[in-house]
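Here's model26.cif, which has mmCIF, C-alpha atoms:
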data_target
#
loop_
_atom_site.label_atom_id
_atom_site.label_comp_id
_atom_site.auth_asym_id
_atom_site.auth_seq_id
_atom_site.Cartn_x
_atom_site.Cartn_y
_atom_site.Cartn_z
CA MET A 2 14.72 -7.07 -39.06
CA THR A 3 14.31 -3.54 -40.31
CA TYR A 4 14.92 -0.49 -38.18
CA ARG A 5 11.19 0.29 -38.10
CA THR A 6 10.30 -3.25 -37.00
CA PHE A 7 12.92 -3.08 -34.27
CA ILE A 8 11.57 0.24 -32.95
CA ILE A 9 7.99 -1.08 -32.94
CA PHE A 10 9.16 -4.24 -31.12
CA VAL A 11 11.02 -2.22 -28.47
CA LEU A 12 8.08 0.15 -27.95
CA ALA A 13 5.63 -2.75 -27.61
CA TRP A 14 7.95 -4.45 -25.11
CA LEU A 15 8.24 -1.25 -23.05
CA VAL A 16 4.49 -0.69 -22.98
CA THR A 17 3.66 -4.25 -21.91
CA GLY A 18 6.51 -4.28 -19.39
CA CYS A 19 5.17 -1.16 -17.68
CA VAL A 20 1.63 -2.46 -17.42
CA THR A 21 2.31 -5.88 -15.88
CA TYR A 22 2.02 -6.09 -12.10
CA GLN A 23 1.18 -9.16 -10.09
CA THR A 24 0.65 -9.44 -6.38
CA PRO A 25 1.70 -12.85 -5.09
CA LEU A 26 -0.54 -14.44 -2.51
CA THR A 27 1.28 -15.53 0.63
CA ASP A 28 0.68 -18.18 3.23
CA ASP A 29 1.73 -15.68 5.89
CA PHE A 30 -1.73 -15.09 7.37
CA ARG A 31 -1.72 -16.04 11.05
CA GLY A 32 -5.45 -15.78 11.59
CA ILE A 33 -7.27 -13.26 13.75
CA GLU A 34 -6.16 -13.39 17.37
CA PRO A 35 -8.55 -12.22 20.06
CA ALA A 36 -7.69 -9.23 22.20
CA PRO A 37 -6.21 -10.02 25.60
CA ARG A 38 -8.70 -9.62 28.41
CA GLY A 39 -9.25 -5.95 29.28
CA GLN A 40 -7.35 -4.69 26.19
CA ALA A 41 -7.91 -4.23 22.45
CA ARG A 42 -6.04 -5.74 19.49
CA VAL A 43 -5.62 -3.49 16.46
CA TYR A 44 -4.52 -4.81 13.07
CA PHE A 45 -2.91 -2.36 10.64
CA LEU A 46 -3.00 -3.40 6.97
CA ARG A 47 -1.35 -1.88 3.92
CA PRO A 48 -3.25 -3.53 1.04
CA VAL A 49 -1.84 -4.09 -2.43
CA PHE A 50 -4.70 -2.45 -4.34
CA SER A 51 -2.34 -0.46 -6.53
CA LYS A 52 1.32 -0.24 -7.41
CA VAL A 53 1.23 3.56 -7.02
CA LEU A 54 3.70 4.58 -4.27
CA ARG A 55 4.40 0.95 -3.39
CA ASP A 56 8.08 1.76 -2.82
CA ASP A 57 7.22 4.25 -0.06
CA SER A 58 7.40 3.04 3.54
CA PRO A 59 6.18 5.84 5.80
CA ALA A 60 6.80 5.68 9.54
CA LEU A 61 3.61 4.63 11.31
CA SER A 62 3.38 5.85 14.90
CA ILE A 63 0.79 5.13 17.55
CA ASP A 64 0.58 7.65 20.39
CA SER A 65 3.85 9.31 19.23
CA VAL A 66 5.83 6.08 19.50
CA THR A 67 7.26 4.98 16.16
CA SER A 68 6.20 1.40 15.70
CA ILE A 69 7.17 0.47 12.18
CA ASP A 70 8.16 1.54 8.68
CA PHE A 71 4.91 0.54 6.99
CA VAL A 72 5.86 -1.36 3.84
CA HIS A 73 3.47 -2.02 0.93
CA GLY A 74 1.82 -5.43 1.22
CA THR A 75 2.32 -5.94 4.97
CA TYR A 76 0.31 -6.07 8.17
CA PHE A 77 0.95 -6.18 11.89
CA SER A 78 -1.05 -6.01 15.10
CA VAL A 79 -0.65 -4.26 18.43
CA VAL A 80 -2.38 -4.56 21.77
CA LEU A 81 -3.65 -1.26 23.16
CA ASP A 82 -5.31 -0.12 26.36
CA PRO A 83 -8.94 0.95 25.97
CA GLY A 84 -9.50 4.60 25.15
CA PRO A 85 -8.41 7.19 22.58
CA HIS A 86 -5.20 6.81 20.54
CA GLN A 87 -3.40 8.86 17.90
CA LEU A 88 -2.18 7.28 14.64
CA SER A 89 0.35 9.24 12.58
CA LEU A 90 2.02 8.55 9.24
CA LYS A 91 5.17 10.47 8.39
CA PRO A 92 6.93 10.11 5.04
CA HIS A 93 10.63 9.42 4.87
CA LEU A 94 12.81 11.74 2.81
CA THR A 95 12.20 9.85 -0.45
CA ASP A 96 8.49 9.13 0.20
CA SER A 97 5.56 11.15 -1.11
CA SER A 98 4.48 14.00 1.17
CA LEU A 99 0.90 12.74 0.74
CA TRP A 100 1.67 10.20 3.48
CA ASP A 101 1.81 12.99 6.07
CA THR A 102 -1.47 12.34 7.88
CA SER A 103 -2.90 11.47 11.26
CA MET A 104 -6.14 10.38 12.86
CA GLN A 105 -7.65 9.79 16.27
CA PHE A 106 -9.28 6.46 17.03
CA THR A 107 -10.83 4.97 20.14
CA VAL A 108 -10.77 1.30 21.11
CA GLU A 109 -12.79 -0.68 23.63
CA ALA A 110 -11.60 -3.53 25.80
CA ASP A 111 -11.96 -7.09 24.49
CA HIS A 112 -12.41 -6.04 20.83
CA ALA A 113 -10.34 -6.46 17.65
CA TYR A 114 -10.09 -3.61 15.12
CA PHE A 115 -8.80 -3.48 11.56
CA ILE A 116 -7.33 -0.29 10.12
CA ALA A 117 -6.46 -0.30 6.42
CA ILE A 118 -4.08 2.32 5.07
CA TRP A 119 -3.67 2.93 1.35
CA TYR A 120 -3.88 5.55 -1.35
CA ASP A 121 -6.84 6.77 -3.32
CA VAL A 122 -5.68 6.61 -6.93
CA GLU A 123 -6.90 8.67 -9.86
CA HIS A 124 -6.64 7.08 -13.30
CA SER A 125 -6.44 8.92 -16.58
CA SER A 126 -5.98 7.67 -20.10
CA GLY A 127 -5.30 9.27 -23.39
CA LEU A 128 -3.58 8.94 -26.71
CA SER A 129 0.01 9.90 -27.34
CA PHE A 130 2.11 9.70 -30.47
CA VAL A 131 5.61 8.25 -30.57
CA PRO A 132 7.80 9.53 -33.41
CA VAL A 133 9.63 6.94 -35.50
CA MET A 134 12.44 8.26 -37.63
CA GLY A 135 13.34 6.73 -40.94
CA LYS A 136 13.32 7.61 -44.61
CA VAL A 137 9.78 8.83 -44.08
CA PRO A 138 9.22 9.87 -40.43
CA PHE A 139 5.86 8.91 -38.97
CA LEU A 140 4.01 8.80 -35.67
CA ILE A 141 2.70 5.67 -33.96
CA PRO A 142 -0.45 6.30 -31.91
CA MET A 143 -0.28 4.62 -28.50
CA LYS A 144 -2.95 4.46 -25.83
CA THR A 145 -1.53 5.62 -22.50
CA SER A 146 -2.78 5.21 -19.00
CA GLN A 147 -1.51 6.95 -15.90
CA ALA A 148 -2.31 6.55 -12.24
CA ARG A 149 -1.46 9.01 -9.53
CA ALA A 150 -2.06 9.08 -5.83
CA THR A 151 -4.51 11.71 -4.65
CA ARG A 152 -4.57 11.24 -0.86
CA ALA A 153 -3.75 8.77 1.87
CA ARG A 154 -6.74 6.85 3.15
CA VAL A 155 -6.93 5.52 6.71
CA GLU A 156 -10.09 3.53 7.26
CA VAL A 157 -11.50 1.15 9.84
CA VAL A 158 -12.76 -1.93 7.98
CA SER A 159 -14.85 -4.92 9.00
CA GLU A 160 -13.26 -8.19 10.08
CA GLU A 161 -14.75 -9.93 7.02
CA ASP A 162 -13.19 -7.42 4.62
CA ALA A 163 -9.90 -7.47 6.53
CA GLN A 164 -9.59 -11.26 6.36
CA ILE A 165 -9.80 -11.20 2.56
CA VAL A 166 -6.98 -8.65 2.37
CA LEU A 167 -4.85 -10.16 5.15
CA LYS A 168 -4.46 -13.39 3.17
CA GLN A 169 -2.57 -11.41 0.52
CA LEU A 170 -0.17 -9.66 2.90
CA HIS A 171 3.07 -10.45 4.71
CA TYR A 172 3.08 -10.39 8.50
CA VAL A 173 5.65 -8.05 10.05
CA SER A 174 6.69 -8.27 13.68
CA ILE A 175 7.39 -5.06 15.52
CA LYS A 176 11.03 -4.45 16.48
CA ASN A 177 12.08 -4.18 20.11
CA SER A 178 8.91 -5.69 21.49
CA GLU A 179 7.38 -9.01 22.26
CA SER A 180 5.19 -10.48 19.55
CA ASP A 181 2.06 -8.41 19.07
CA THR A 182 2.43 -6.25 22.15
CA LYS A 183 2.08 -2.57 22.88
CA PRO A 184 4.26 -0.34 20.66
#
How does the structure come out when it is put into structure tokens?
Amino acid sequence: MTYRTFIIFVLAWLVTGCVTYQTPLTDDFRGIEPAPRGQARVYFLRPVFSKVLRDDSPALSIDSVTSIDFVHGTYFSVVLDPGPHQLSLKPHLTDSSLWDTSMQFTVEADHAYFIAIWYDVEHSSGLSFVPVMGKVPFLIPMKTSQARATRARVEVVSEEDAQIVLKQLHYVSIKNSESDTKP
């Protein structure tokens, strides 16, 4: 194998290694549980639409009570009293500051709600040239693609849309509480 062949092989391996990303489907979906009488059940989902910022796990708080470090590819549910509530996301020290967001939401008794939280991603592509040194130096043109997060998105979604996504996520129980209870 010549030096040039080796360099081309390594570059091709690096490019294909960076592009591959698979999201395994899980059998973790517990189904949609109804809200307890006189209260609301709220499902929080962090879909696996993109690998951008997937290593971040911002602290998700409901009504100023930290409920969970919200990990990519997970979901959980809480039972809330009817009325207005405050959802906040705060990044940890190593997380992107784009996670710093909050929203007000109102729930009604005897209803289930689904709130999806993810990132809007902007894609760009271009052409770059990788230098290869040898007796006669030359450049190898390579198509590049980049994705970057633009903003956190917090959105109420329909039960039908949520069920499709929930089947791809891992269920997370909330620490220091009974299963699926108030935060």
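On the file presented, the PyMOL selection byres ((chain A and resi 159) around 10) picks out Ala113, Tyr114, Phe115, Ile116, Ala117, Glu156, Val157, Val158, Glu160, Glu161, Asp162, Ala163 and Gln164 of chain A.
Residue nearest Gly84 in chain A within the list A:Thr107, A:Ser68, A:Ser62, A:Thr102: A:Thr107 [criterion: smallest interatomic distance, only C-alpha atoms].
Of the listed residues A:Gln169, A:Ser58, A:Ser78, A:Ser65, the one whose atoms come nearest to Ser98 in chain A is A:Ser58, with distances taken using all atoms listed in the file.
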Next on the checklist: For the provided coordinates, the residues matched by the PyMOL selection byres ((chain A and resi 97) around 10) should be stated as a PyMOL selection string.
Outcome noted: chain A and resi 54+56-59+91-96+98-101+150
For this file, the PyMOL selection byres ((chain A and resi 85) around 12) selects which residues, as a CSV table (one decimal) with C-alpha atoms, in the frame of the given file?
chain,number,residue,atom,x,y,z
A,41,ALA,CA,-7.9,-4.2,22.4
A,63,ILE,CA,0.8,5.1,17.6
A,64,ASP,CA,0.6,7.6,20.4
A,81,LEU,CA,-3.6,-1.3,23.2
A,82,ASP,CA,-5.3,-0.1,26.4
A,83,PRO,CA,-8.9,1.0,26.0
A,84,GLY,CA,-9.5,4.6,25.2
A,86,HIS,CA,-5.2,6.8,20.5
A,87,GLN,CA,-3.4,8.9,17.9
A,88,LEU,CA,-2.2,7.3,14.6
A,104,MET,CA,-6.1,10.4,12.9
A,105,GLN,CA,-7.6,9.8,16.3
A,106,PHE,CA,-9.3,6.5,17.0
A,107,THR,CA,-10.8,5.0,20.1
A,108,VAL,CA,-10.8,1.3,21.1
A,109,GLU,CA,-12.8,-0.7,23.6
A,110,ALA,CA,-11.6,-3.5,25.8
Range 90-94 of chain A, all listed atoms, 6 Å padding on each side: what axis-aligned box centre and edge lengths in Å to one decimal come out, as lines of an AutoDock Vina configuration file?
center_x = 7.4
center_y = 10.1
center_z = 6.0
size_x = 22.8
size_y = 15.2
size_z = 18.4
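Using only C-alpha atoms for every distance, the candidate list A:His171, A:Val66, A:Val80, A:Gly74 yields A:Val80 as the residue closest to His112 in chain A.
Interatomic distance, CA of Val72 in chain A to CA of Lys168 in chain A: 15.9 Å.
Reported to one decimal place, the separation of CA of Asp121 in chain A from CA of Ile69 in chain A is 21.8 Å.
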